[in-house]
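Just below is one structure, and these are the notes that go with it.
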Amino acid sequence: MQPRIIQSISLFPEIFEATLGVSMMWKAQNKQLIQFQHHNLREFGIGPRKQVDDTPYGGGDGMLLKPEPLFAAIEAAKRIDPDALVILPTPRGERWRQKAAMSMADDTHGLIFVCARYEGYDERVTTLIDRQVSIGDFVLTGGELPALMIIDSVVRLIPGVLGGATSAEIESFSDGDNLEFPQYTRPAEFRGMEVPEVLLSGNHAAIEAWRAEQAG
Ligand code: 6GU
């Protein structure tokens, strides 16, 4: 089976390399379940100075990403994976939720994340975008962190990525909005704090009941 390709377009591809190069995201690549490919938007910049930004028509503060480099980068990513879904992280997008992560994990399309910086992007780029997604009601300086959060939330749900077969299922939010129960490991007493007695009891029915109650 061909690994699913997840691409990013950003002025700071090193943010992706660093974050996706460790732990479970690295393992997902190592197991050939996912293939990450990160594009530097600067390489698609215009002229000898590789210009990617410009001032907004109509005036206003700050700089916008120009359409030409964004179009060229998205088209290059599409040549690698023509059927890929193009996602734009933006505070104006639909709110990202666990349910969306689950359906994206079930889907087999590749993904292309287009990460804006500066004060935003030329609106014409949205003609190439399939989906605009926000991760919450606050504003960040760029789309890289939101893209990484979305990637992490999807990749961990792909079968074979997490070790234990059901560890994703029983974790928080996977089967509704219930929060996970508290957990403990050795030692049974630490700095005067004791592990709840029921967890040491060996009574599996009682443990299940306690966990259900704690998960609320
Ligand atoms: Cl997706 N992008 C940016 N820049 N800020 C955000 C966001 C996305 N979601 C919440 N805040």
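Letters A, B, ... go to the chains of the structure tokens in the order shown; residues in each chain start at 1; ligands are counted from 1 in the same order.
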
List the neighbours of A:Ile151 out to 12 Å using only C-alpha atoms; skip same-chain residues closer than 2 positions along the sequence, and give me the result as a PyMOL selection string. chain A and resi 5-8+16+19-20+24-25+28+34-36+87+89+96+98+100-102+104-105+110-113+135+144-149+153-158

Give me, as a tab-separated table, each residue of chain A that comes within 8 Å of ligand 1, together with its shortest interatomic pair and the distance in Å at one decimal, counting only C-alpha atoms and all ligand atoms, with rows ordered by chain and rising residue number.
residue	atom	partner	partner_atom_place_in_ligand_line	distance
A:Leu88	CA	ligand 1	1 (Cl)	7.3
A:Pro89	CA	ligand 1	1 (Cl)	3.5
A:Thr90	CA	ligand 1	1 (Cl)	3.7
A:Pro91	CA	ligand 1	7 (C)	4.0
A:Arg92	CA	ligand 1	7 (C)	7.6
A:Gly93	CA	ligand 1	1 (Cl)	6.9
A:Arg95	CA	ligand 1	9 (N)	8.0
A:Ala116	CA	ligand 1	4 (N)	7.2
A:Arg117	CA	ligand 1	4 (N)	7.5
A:Gln132	CA	ligand 1	1 (Cl)	7.8
A:Val133	CA	ligand 1	1 (Cl)	5.5
A:Ser134	CA	ligand 1	9 (N)	3.8
A:Ile135	CA	ligand 1	9 (N)	4.0
A:Gly136	CA	ligand 1	10 (C)	4.3
A:Asp137	CA	ligand 1	10 (C)	5.6
A:Phe138	CA	ligand 1	11 (N)	4.6
A:Val139	CA	ligand 1	11 (N)	3.9
A:Leu140	CA	ligand 1	5 (N)	3.8
A:Thr141	CA	ligand 1	4 (N)	5.2
A:Gly142	CA	ligand 1	4 (N)	4.3
A:Gly143	CA	ligand 1	2 (N)	4.6
A:Glu144	CA	ligand 1	2 (N)	7.9
A:Leu145	CA	ligand 1	2 (N)	7.8
A:Pro146	CA	ligand 1	1 (Cl)	5.0
A:Ala147	CA	ligand 1	1 (Cl)	7.1

Neighbour list for A:Asp53 as a PDB file with N, CA and C atoms, in the first residue's frame, cut-off 12 Å, only C-alpha atoms, skip fewer than 6 positions in-chain:
ATOM      1  N   LEU A  11       6.598  29.246   4.922  1.00  0.00           N
ATOM      2  CA  LEU A  11       7.888  29.942   4.901  1.00  0.00           C
ATOM      3  C   LEU A  11       8.834  29.335   5.930  1.00  0.00           C
ATOM      4  N   LEU A  41       7.794  27.978   0.833  1.00  0.00           N
ATOM      5  CA  LEU A  41       7.114  28.957  -0.043  1.00  0.00           C
ATOM      6  C   LEU A  41       8.112  29.908  -0.689  1.00  0.00           C
ATOM      7  N   ARG A  42       9.215  30.196   0.031  1.00  0.00           N
ATOM      8  CA  ARG A  42      10.233  31.123  -0.483  1.00  0.00           C
ATOM      9  C   ARG A  42      10.757  30.675  -1.847  1.00  0.00           C
ATOM     10  N   PHE A  44       9.238  29.577  -4.206  1.00  0.00           N
ATOM     11  CA  PHE A  44       8.292  29.945  -5.263  1.00  0.00           C
ATOM     12  C   PHE A  44       8.142  31.461  -5.360  1.00  0.00           C
ATOM     13  N   GLY A  45       9.002  32.187  -4.631  1.00  0.00           N
ATOM     14  CA  GLY A  45       8.963  33.651  -4.620  1.00  0.00           C
ATOM     15  C   GLY A  45       9.330  34.241  -5.972  1.00  0.00           C
ATOM     16  N   ILE A  46       9.031  35.540  -6.132  1.00  0.00           N
ATOM     17  CA  ILE A  46       9.186  36.212  -7.418  1.00  0.00           C
ATOM     18  C   ILE A  46      10.499  37.000  -7.456  1.00  0.00           C
ATOM     19  N   GLY A  62       0.539  46.170   7.456  1.00  0.00           N
ATOM     20  CA  GLY A  62       1.140  44.862   7.221  1.00  0.00           C
ATOM     21  C   GLY A  62       1.168  44.427   5.778  1.00  0.00           C
ATOM     22  N   MET A  63       1.645  43.221   5.606  1.00  0.00           N
ATOM     23  CA  MET A  63       1.883  42.657   4.287  1.00  0.00           C
ATOM     24  C   MET A  63       1.016  41.423   4.090  1.00  0.00           C
ATOM     25  N   LEU A  64       0.703  41.147   2.821  1.00  0.00           N
ATOM     26  CA  LEU A  64      -0.066  39.945   2.483  1.00  0.00           C
ATOM     27  C   LEU A  64       0.787  39.030   1.626  1.00  0.00           C
ATOM     28  N   LEU A  65       0.532  37.741   1.702  1.00  0.00           N
ATOM     29  CA  LEU A  65       1.184  36.805   0.785  1.00  0.00           C
ATOM     30  C   LEU A  65       0.600  37.022  -0.609  1.00  0.00           C
ATOM     31  N   LYS A  66       1.483  37.140  -1.591  1.00  0.00           N
ATOM     32  CA  LYS A  66       1.079  37.366  -2.979  1.00  0.00           C
ATOM     33  C   LYS A  66       0.486  36.088  -3.571  1.00  0.00           C
ATOM     34  N   PRO A  67      -0.392  36.241  -4.578  1.00  0.00           N
ATOM     35  CA  PRO A  67      -1.004  35.031  -5.127  1.00  0.00           C
ATOM     36  C   PRO A  67      -0.053  34.130  -5.922  1.00  0.00           C
ATOM     37  N   GLU A  68       0.893  34.743  -6.679  1.00  0.00           N
ATOM     38  CA  GLU A  68       1.714  33.908  -7.588  1.00  0.00           C
ATOM     39  C   GLU A  68       2.501  32.808  -6.880  1.00  0.00           C
ATOM     40  N   PRO A  69       3.249  33.154  -5.790  1.00  0.00           N
ATOM     41  CA  PRO A  69       3.998  32.076  -5.117  1.00  0.00           C
ATOM     42  C   PRO A  69       3.080  31.018  -4.505  1.00  0.00           C
ATOM     43  N   LEU A  70       1.943  31.447  -3.949  1.00  0.00           N
ATOM     44  CA  LEU A  70       1.004  30.488  -3.359  1.00  0.00           C
ATOM     45  C   LEU A  70       0.432  29.558  -4.428  1.00  0.00           C
ATOM     46  N   ALA A 116      -0.341  30.423   5.982  1.00  0.00           N
ATOM     47  CA  ALA A 116      -0.138  31.858   5.765  1.00  0.00           C
ATOM     48  C   ALA A 116       0.687  32.447   6.901  1.00  0.00           C
ATOM     49  N   ARG A 117       1.296  33.580   6.615  1.00  0.00           N
ATOM     50  CA  ARG A 117       2.062  34.354   7.601  1.00  0.00           C
ATOM     51  C   ARG A 117       1.722  35.820   7.377  1.00  0.00           C
ATOM     52  N   TYR A 118       2.478  36.682   7.956  1.00  0.00           N
ATOM     53  CA  TYR A 118       2.241  38.127   7.851  1.00  0.00           C
ATOM     54  C   TYR A 118       0.801  38.414   8.251  1.00  0.00           C
ATOM     55  N   GLU A 119       0.172  39.397   7.594  1.00  0.00           N
ATOM     56  CA  GLU A 119      -1.191  39.759   7.997  1.00  0.00           C
ATOM     57  C   GLU A 119      -2.240  38.951   7.240  1.00  0.00           C
ATOM     58  N   GLY A 120      -1.791  38.014   6.415  1.00  0.00           N
ATOM     59  CA  GLY A 120      -2.753  37.189   5.690  1.00  0.00           C
ATOM     60  C   GLY A 120      -2.311  36.911   4.268  1.00  0.00           C
ATOM     61  N   TYR A 121      -3.286  36.685   3.389  1.00  0.00           N
ATOM     62  CA  TYR A 121      -3.009  36.199   2.032  1.00  0.00           C
ATOM     63  C   TYR A 121      -3.974  36.875   1.074  1.00  0.00           C
ATOM     64  N   ASP A 122      -3.601  36.926  -0.186  1.00  0.00           N
ATOM     65  CA  ASP A 122      -4.492  37.425  -1.227  1.00  0.00           C
ATOM     66  C   ASP A 122      -5.681  36.466  -1.347  1.00  0.00           C
TER      67      ASP A 122
END

DSSP helix (DSSP H, G or I) selection over stretch 41-197 of chain A, as a PyMOL selection string: chain A and resi 41-44+67-80+98-106+123-128+144-155+167-170+197

Please determine, counting only C-alpha atoms, which residue among A:Gln214, A:Ile150, A:Val161, A:Ala76 has the shortest atom-to-atom distance to A:Lys99. A:Ile150

For stretch 195-204 of chain A, please output as an MDAnalysis selection string all residues within 10 Å (counting only C-alpha atoms; exclusion window: fewer than 6 positions along the same chain). chainID A and resid 183:189 210:211

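If you count only C-alpha atoms and ignore residues fewer than 4 places along the chain from A:Phe71, what sits within 8 Å of it is Pro67, Glu75, Val125 and Leu128 of chain A.
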
For a test of reading the model, state the distance in Å between atom CA of A:Arg191 and atom CA of A:Ala205, rounded to one decimal. 29.0 Å

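Looking only at stretch 67-134 of chain A, the set that DSSP places in strand (DSSP E) from backbone geometry is A:Leu85, A:Val86, A:Ile87, A:Leu88, A:Pro89, A:Thr90, A:Pro91, A:Arg92, A:Gly93, A:Glu94, A:Arg95, A:Leu111, A:Ile112, A:Phe113, A:Val114, A:Arg131, A:Gln132, A:Val133, A:Ser134.
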
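As for atom CA of A:Val114 and atom CA of A:Ile129, they are spaced 8.6 Å apart.
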
Here atom CA of A:Pro159 and atom CA of A:Phe12 stand apart by 29.4 Å
